[in-house]
Amino acid sequence: MTILWFLVQLAGAVMLLLYAVRMVRTGIERAFGPSFKRVMTQRSNRLGAAGMGLVFAIVLQSSSAVALLAASFAGTGALSFPAGLSLILGGNLGSALLIQILSFPLGWLVPVLLALGGGLFLRSERRGARQAGRILMGIAFILISLRFLRETMEPISDSNFLPLIAGYLESDYVTAALVGLALAFIMFSSVAVILLCVTLVQIGAIPLLAGVSLVLGANIGSALIPAWLARGMPPMGRRVPMASMVLACGFAVLALVGVNHLPVLPLIEGHNTGQTLVNAHVLFNVLLLIVGLPLVGLADRISSRLVPPAPTAHPEALPESHRSVLDESVRDNPRLALADLRREVLRMLQVVESQMRPVMELYQEFDKPRMQALRQVDQVVNEALDGMRRYVARINPESFGEDAYEQARNLLEYAIAIEAAGDIVVKQLLPIAQERSERRIRFSESGLKELLSMHEQIISNLRLALSVLISDDLESARLLAEAKDEIARTERRNRLAHLRRLSEGTELSFQSSDEHLETLRALKEFNSRIASVAYPMLEHEGQLLATRLV
């Protein structure tokens, strides 16, 4: 019974640690996620990209998250291979520095973080403040879980079986590394695994040398995770984490052999064994960065041979997103017909996303052929809506069933909203971009930054709308409705900021006032159309107030 209770306590401490790490990452992604692409892709040199990766790994509390972001941006062509690999190498070091920060005695911070975080999360209506509260509480939970883990392990540090396991891991460093690799892969968090190892070494549950082998194995596992998760990405997206995995695995094997056969650890000895383990982890990632950055060009050439680019599609082939998925033969089958309608709406939303995504790029660097191509894509959305109207009109409500027919009507209503959102891009935003280019109108630096930030939030909301449409998840629907309110507040805040600049006599703001205000209104309206997918679900679950009036 004692062993069973120990396992329950250990599992609880580990799960709390994993949840806390995820809680911090989720809060940061929700608060700042839309800006990641712009910030991550603006560094072209290797050192700058590595520094950006370091910062993002500390902020996101995950080098794997940085690697996946780099792979995603590289897959779309927004990030070059050298910059992507440099980001990942910097992210590995950032994750190691995070371990150092969290290993300090910060128990006194727990009540402060809980009080501040809980107050912000429960009392604030602003999305940014709520997510800041989530982040603070997540950090507090990490510190609580580490204390819980230490208290759980201390009673068994003097047991009979633990020294046997610890001794075996110390004598067989290959097995120890494999255990660290497996733990990192199973828990999907090298941060959690390494914090666990630091705690075990600190209380004397396992020897320092075994802890170093476990940590090096966890580094290998951390490199395998993004390579595994990126397997479905385009070739350029797969190349970046694959090259990082090869570099990390090769260097970790060399370090594993060196540490276990050479007197390395006394050179990096800290004030206790836990600090020595942290020093070893940080030093490994510092050396990996120093060795890896000069090899980025070589890694690019090797990975391009291992993962060749995708074959170019035939120019006459119709893109998949331009083909209707409605099947007339299943129209009388409610389950299959609703699935087809949902897929068609999903296709429309993806097409409109492809129209909206490059809008701010056209604002900054106008390209007439690109604008014309986006306008032609609008015809795809119009034809999809016409097809859905005809499809739903031919459904027999009596044979279809009341609930199923209501779902079909809701999907058609959302398709109408998506088509209207596409019209906002084509009839409002693109003409503003063209007029701005022809009249050589420039936004003020603050004004352009406001528009870019608002556009990034809307792209993030588009992805959230896709999630709501696919999963019917109530929590995602609530987040989307909250995001709509946040965009409305952002539009109001940006409008007032623009008016303040006018009152201060900013010349650029006078020249671009009409275009700036029209863009703010168009972005807000576009977001409202996209967010409307959440309301039927919220209304059905009783999550909407009947009126806003007092």
# chains A, B, ... in the order shown; residues from 1 in each chain; ligands from 1

$ residues_around --residues "Phe366 of chain A" --least-positions-apart "2" --cutoff "9 Å" --atoms "only C-alpha atoms" --output "PyMOL selection string"
chain A and resi 361-364+368+370-371+433-434+436-437

$ residues_around --residues "segment 491-503 of chain A" --least-positions-apart "6" --cutoff "8 Å" --atoms "only C-alpha atoms" --output "VMD selection string"
chain A and resid 447 450 454 509 to 510 513 517 520 to 521 524

$ closest_residue --among "A:Glu525, A:Gly387, A:Ser399, A:Leu341" --to "Asp423 of chain A" --atoms "only C-alpha atoms"
A:Glu525

$ residues_around --residues "segment 167-171 of chain A" --least-positions-apart "6" --cutoff "12 Å" --atoms "only C-alpha atoms" --output "number ranges by chain"
A: 160-161, 177-180, 201, 204-214, 256, 259-261

$ residues_around --residues "Thr276 of chain A" --least-positions-apart "6" --cutoff "9 Å" --atoms "only C-alpha atoms" --output "ChimeraX atom specification"
/A:208,265-266,268-270

$ residues_around --residues "Arg335 of chain A" --least-positions-apart "2" --cutoff "12 Å" --atoms "only C-alpha atoms" --output "ChimeraX atom specification"
/A:330-333,337-342,400-401,403-405,407-408

$ write_last_selection --atoms "N, CA, C and O atoms" --output "PDB file, in the first residue's frame"
ATOM      1  N   VAL A 330     -25.699  11.983 -51.550  1.00  0.00           N
ATOM      2  CA  VAL A 330     -25.909  11.737 -50.117  1.00  0.00           C
ATOM      3  C   VAL A 330     -26.795  12.813 -49.494  1.00  0.00           C
ATOM      4  O   VAL A 330     -26.896  12.887 -48.274  1.00  0.00           O
ATOM      5  N   ARG A 331     -27.452  13.625 -50.324  1.00  0.00           N
ATOM      6  CA  ARG A 331     -28.219  14.761 -49.802  1.00  0.00           C
ATOM      7  C   ARG A 331     -29.367  14.313 -48.897  1.00  0.00           C
ATOM      8  O   ARG A 331     -29.761  15.039 -47.986  1.00  0.00           O
ATOM      9  N   ASP A 332     -29.913  13.125 -49.126  1.00  0.00           N
ATOM     10  CA  ASP A 332     -31.033  12.645 -48.321  1.00  0.00           C
ATOM     11  C   ASP A 332     -30.580  11.894 -47.071  1.00  0.00           C
ATOM     12  O   ASP A 332     -31.420  11.412 -46.311  1.00  0.00           O
ATOM     13  N   ASN A 333     -29.277  11.774 -46.885  1.00  0.00           N
ATOM     14  CA  ASN A 333     -28.733  11.131 -45.682  1.00  0.00           C
ATOM     15  C   ASN A 333     -28.248  12.238 -44.752  1.00  0.00           C
ATOM     16  O   ASN A 333     -27.221  12.860 -45.014  1.00  0.00           O
ATOM     17  N   ALA A 337     -24.811  14.257 -45.382  1.00  0.00           N
ATOM     18  CA  ALA A 337     -25.033  15.577 -45.969  1.00  0.00           C
ATOM     19  C   ALA A 337     -24.470  16.681 -45.074  1.00  0.00           C
ATOM     20  O   ALA A 337     -23.840  17.625 -45.559  1.00  0.00           O
ATOM     21  N   LEU A 338     -24.693  16.563 -43.759  1.00  0.00           N
ATOM     22  CA  LEU A 338     -24.146  17.559 -42.836  1.00  0.00           C
ATOM     23  C   LEU A 338     -22.613  17.550 -42.857  1.00  0.00           C
ATOM     24  O   LEU A 338     -21.973  18.602 -42.771  1.00  0.00           O
ATOM     25  N   ALA A 339     -22.045  16.354 -42.969  1.00  0.00           N
ATOM     26  CA  ALA A 339     -20.578  16.265 -43.048  1.00  0.00           C
ATOM     27  C   ALA A 339     -20.067  16.987 -44.293  1.00  0.00           C
ATOM     28  O   ALA A 339     -19.066  17.708 -44.246  1.00  0.00           O
ATOM     29  N   ASP A 340     -20.781  16.821 -45.428  1.00  0.00           N
ATOM     30  CA  ASP A 340     -20.376  17.501 -46.661  1.00  0.00           C
ATOM     31  C   ASP A 340     -20.526  19.017 -46.535  1.00  0.00           C
ATOM     32  O   ASP A 340     -19.663  19.785 -46.982  1.00  0.00           O
ATOM     33  N   LEU A 341     -21.628  19.452 -45.937  1.00  0.00           N
ATOM     34  CA  LEU A 341     -21.838  20.894 -45.755  1.00  0.00           C
ATOM     35  C   LEU A 341     -20.753  21.499 -44.857  1.00  0.00           C
ATOM     36  O   LEU A 341     -20.242  22.591 -45.124  1.00  0.00           O
ATOM     37  N   ARG A 342     -20.406  20.773 -43.800  1.00  0.00           N
ATOM     38  CA  ARG A 342     -19.367  21.271 -42.899  1.00  0.00           C
ATOM     39  C   ARG A 342     -18.027  21.365 -43.629  1.00  0.00           C
ATOM     40  O   ARG A 342     -17.281  22.333 -43.468  1.00  0.00           O
ATOM     41  N   PHE A 400     -35.404  15.022 -43.364  1.00  0.00           N
ATOM     42  CA  PHE A 400     -34.069  15.306 -42.847  1.00  0.00           C
ATOM     43  C   PHE A 400     -34.050  15.331 -41.324  1.00  0.00           C
ATOM     44  O   PHE A 400     -33.050  14.993 -40.705  1.00  0.00           O
ATOM     45  N   GLY A 401     -35.151  15.737 -40.712  1.00  0.00           N
ATOM     46  CA  GLY A 401     -35.192  15.841 -39.256  1.00  0.00           C
ATOM     47  C   GLY A 401     -34.982  17.281 -38.808  1.00  0.00           C
ATOM     48  O   GLY A 401     -34.189  18.018 -39.401  1.00  0.00           O
ATOM     49  N   ASP A 403     -33.595  18.706 -36.013  1.00  0.00           N
ATOM     50  CA  ASP A 403     -32.270  19.089 -35.505  1.00  0.00           C
ATOM     51  C   ASP A 403     -31.249  19.159 -36.627  1.00  0.00           C
ATOM     52  O   ASP A 403     -30.452  20.106 -36.709  1.00  0.00           O
ATOM     53  N   ALA A 404     -31.241  18.160 -37.510  1.00  0.00           N
ATOM     54  CA  ALA A 404     -30.280  18.133 -38.607  1.00  0.00           C
ATOM     55  C   ALA A 404     -30.509  19.302 -39.569  1.00  0.00           C
ATOM     56  O   ALA A 404     -29.552  19.913 -40.068  1.00  0.00           O
ATOM     57  N   TYR A 405     -31.802  19.612 -39.810  1.00  0.00           N
ATOM     58  CA  TYR A 405     -32.089  20.714 -40.731  1.00  0.00           C
ATOM     59  C   TYR A 405     -31.659  22.054 -40.127  1.00  0.00           C
ATOM     60  O   TYR A 405     -31.178  22.943 -40.832  1.00  0.00           O
ATOM     61  N   GLN A 407     -29.105  22.444 -38.116  1.00  0.00           N
ATOM     62  CA  GLN A 407     -27.647  22.489 -38.289  1.00  0.00           C
ATOM     63  C   GLN A 407     -27.282  22.894 -39.719  1.00  0.00           C
ATOM     64  O   GLN A 407     -26.337  23.670 -39.933  1.00  0.00           O
ATOM     65  N   ALA A 408     -28.032  22.371 -40.690  1.00  0.00           N
ATOM     66  CA  ALA A 408     -27.774  22.722 -42.090  1.00  0.00           C
ATOM     67  C   ALA A 408     -28.005  24.214 -42.321  1.00  0.00           C
ATOM     68  O   ALA A 408     -27.223  24.881 -43.010  1.00  0.00           O
TER      69      ALA A 408
END

$ residues_around --residues "Pro111 of chain A" --least-positions-apart "3" --cutoff "12 Å" --atoms "only C-alpha atoms" --output "count of residues only"
16

$ decode --residues "segment 406-417 of chain A" --atoms "all heavy atoms" --output "tab-separated table (two decimals), in the first residue's frame"
chain	number	residue	atom	x	y	z
A	406	GLU	N	-31.81	22.19	-38.79
A	406	GLU	CA	-31.36	23.42	-38.13
A	406	GLU	C	-29.84	23.56	-38.26
A	406	GLU	O	-29.32	24.66	-38.49
A	406	GLU	CB	-31.76	23.40	-36.66
A	406	GLU	CG	-31.37	24.68	-35.92
A	406	GLU	CD	-31.73	24.66	-34.44
A	406	GLU	OE1	-32.34	23.65	-34.01
A	406	GLU	OE2	-31.39	25.61	-33.74
A	407	GLN	N	-29.10	22.44	-38.12
A	407	GLN	CA	-27.65	22.49	-38.29
A	407	GLN	C	-27.28	22.89	-39.72
A	407	GLN	O	-26.34	23.67	-39.93
A	407	GLN	CB	-27.04	21.12	-37.98
A	407	GLN	CG	-27.10	20.73	-36.52
A	407	GLN	CD	-26.44	19.38	-36.27
A	407	GLN	OE1	-25.30	19.16	-36.66
A	407	GLN	NE2	-27.17	18.48	-35.64
A	408	ALA	N	-28.03	22.37	-40.69
A	408	ALA	CA	-27.77	22.72	-42.09
A	408	ALA	C	-28.01	24.21	-42.32
A	408	ALA	O	-27.22	24.88	-43.01
A	408	ALA	CB	-28.66	21.90	-43.02
A	409	ARG	N	-29.07	24.77	-41.72
A	409	ARG	CA	-29.35	26.20	-41.85
A	409	ARG	C	-28.24	27.03	-41.19
A	409	ARG	O	-27.82	28.06	-41.72
A	409	ARG	CB	-30.70	26.55	-41.21
A	409	ARG	CG	-31.91	26.12	-42.03
A	409	ARG	CD	-33.16	26.91	-41.62
A	409	ARG	NE	-33.31	27.01	-40.18
A	409	ARG	CZ	-33.99	26.14	-39.43
A	409	ARG	NH1	-34.58	25.10	-40.01
A	409	ARG	NH2	-34.10	26.32	-38.13
A	410	ASN	N	-27.78	26.58	-40.02
A	410	ASN	CA	-26.70	27.31	-39.34
A	410	ASN	C	-25.42	27.32	-40.19
A	410	ASN	O	-24.73	28.34	-40.25
A	410	ASN	CB	-26.42	26.67	-37.98
A	410	ASN	CG	-27.51	26.95	-36.97
A	410	ASN	OD1	-28.25	27.93	-37.09
A	410	ASN	ND2	-27.63	26.11	-35.96
A	411	LEU	N	-25.13	26.19	-40.82
A	411	LEU	CA	-23.94	26.13	-41.67
A	411	LEU	C	-24.09	27.04	-42.88
A	411	LEU	O	-23.13	27.71	-43.29
A	411	LEU	CB	-23.69	24.68	-42.12
A	411	LEU	CG	-23.17	23.73	-41.04
A	411	LEU	CD1	-23.19	22.29	-41.53
A	411	LEU	CD2	-21.74	24.11	-40.63
A	412	LEU	N	-25.30	27.11	-43.44
A	412	LEU	CA	-25.53	28.01	-44.56
A	412	LEU	C	-25.40	29.47	-44.12
A	412	LEU	O	-24.83	30.30	-44.83
A	412	LEU	CB	-26.92	27.76	-45.16
A	412	LEU	CG	-27.32	28.66	-46.34
A	412	LEU	CD1	-26.31	28.56	-47.48
A	412	LEU	CD2	-28.72	28.32	-46.82
A	413	GLU	N	-25.92	29.79	-42.93
A	413	GLU	CA	-25.79	31.15	-42.41
A	413	GLU	C	-24.32	31.52	-42.25
A	413	GLU	O	-23.91	32.65	-42.57
A	413	GLU	CB	-26.51	31.26	-41.06
A	413	GLU	CG	-28.02	31.25	-41.13
A	413	GLU	CD	-28.59	32.53	-41.73
A	413	GLU	OE1	-27.89	33.56	-41.72
A	413	GLU	OE2	-29.73	32.49	-42.23
A	414	TYR	N	-23.54	30.58	-41.77
A	414	TYR	CA	-22.11	30.88	-41.59
A	414	TYR	C	-21.42	31.02	-42.95
A	414	TYR	O	-20.51	31.83	-43.10
A	414	TYR	CB	-21.44	29.81	-40.75
A	414	TYR	CG	-20.03	30.19	-40.34
A	414	TYR	CD1	-19.77	31.43	-39.76
A	414	TYR	CD2	-18.95	29.33	-40.55
A	414	TYR	CE1	-18.49	31.80	-39.39
A	414	TYR	CE2	-17.67	29.70	-40.19
A	414	TYR	CZ	-17.45	30.94	-39.62
A	414	TYR	OH	-16.16	31.31	-39.27
A	415	ALA	N	-21.84	30.23	-43.92
A	415	ALA	CA	-21.28	30.36	-45.27
A	415	ALA	C	-21.56	31.75	-45.83
A	415	ALA	O	-20.70	32.35	-46.50
A	415	ALA	CB	-21.86	29.28	-46.19
A	416	ILE	N	-22.75	32.28	-45.55
A	416	ILE	CA	-23.08	33.65	-45.99
A	416	ILE	C	-22.15	34.65	-45.31
A	416	ILE	O	-21.66	35.60	-45.93
A	416	ILE	CB	-24.56	33.95	-45.68
A	416	ILE	CG1	-25.48	33.07	-46.53
A	416	ILE	CG2	-24.87	35.43	-45.92
A	416	ILE	CD1	-26.95	33.12	-46.13
A	417	ALA	N	-21.87	34.43	-44.01
A	417	ALA	CA	-20.97	35.32	-43.27
A	417	ALA	C	-19.55	35.25	-43.84
A	417	ALA	O	-18.86	36.27	-43.96
A	417	ALA	CB	-20.97	34.96	-41.78
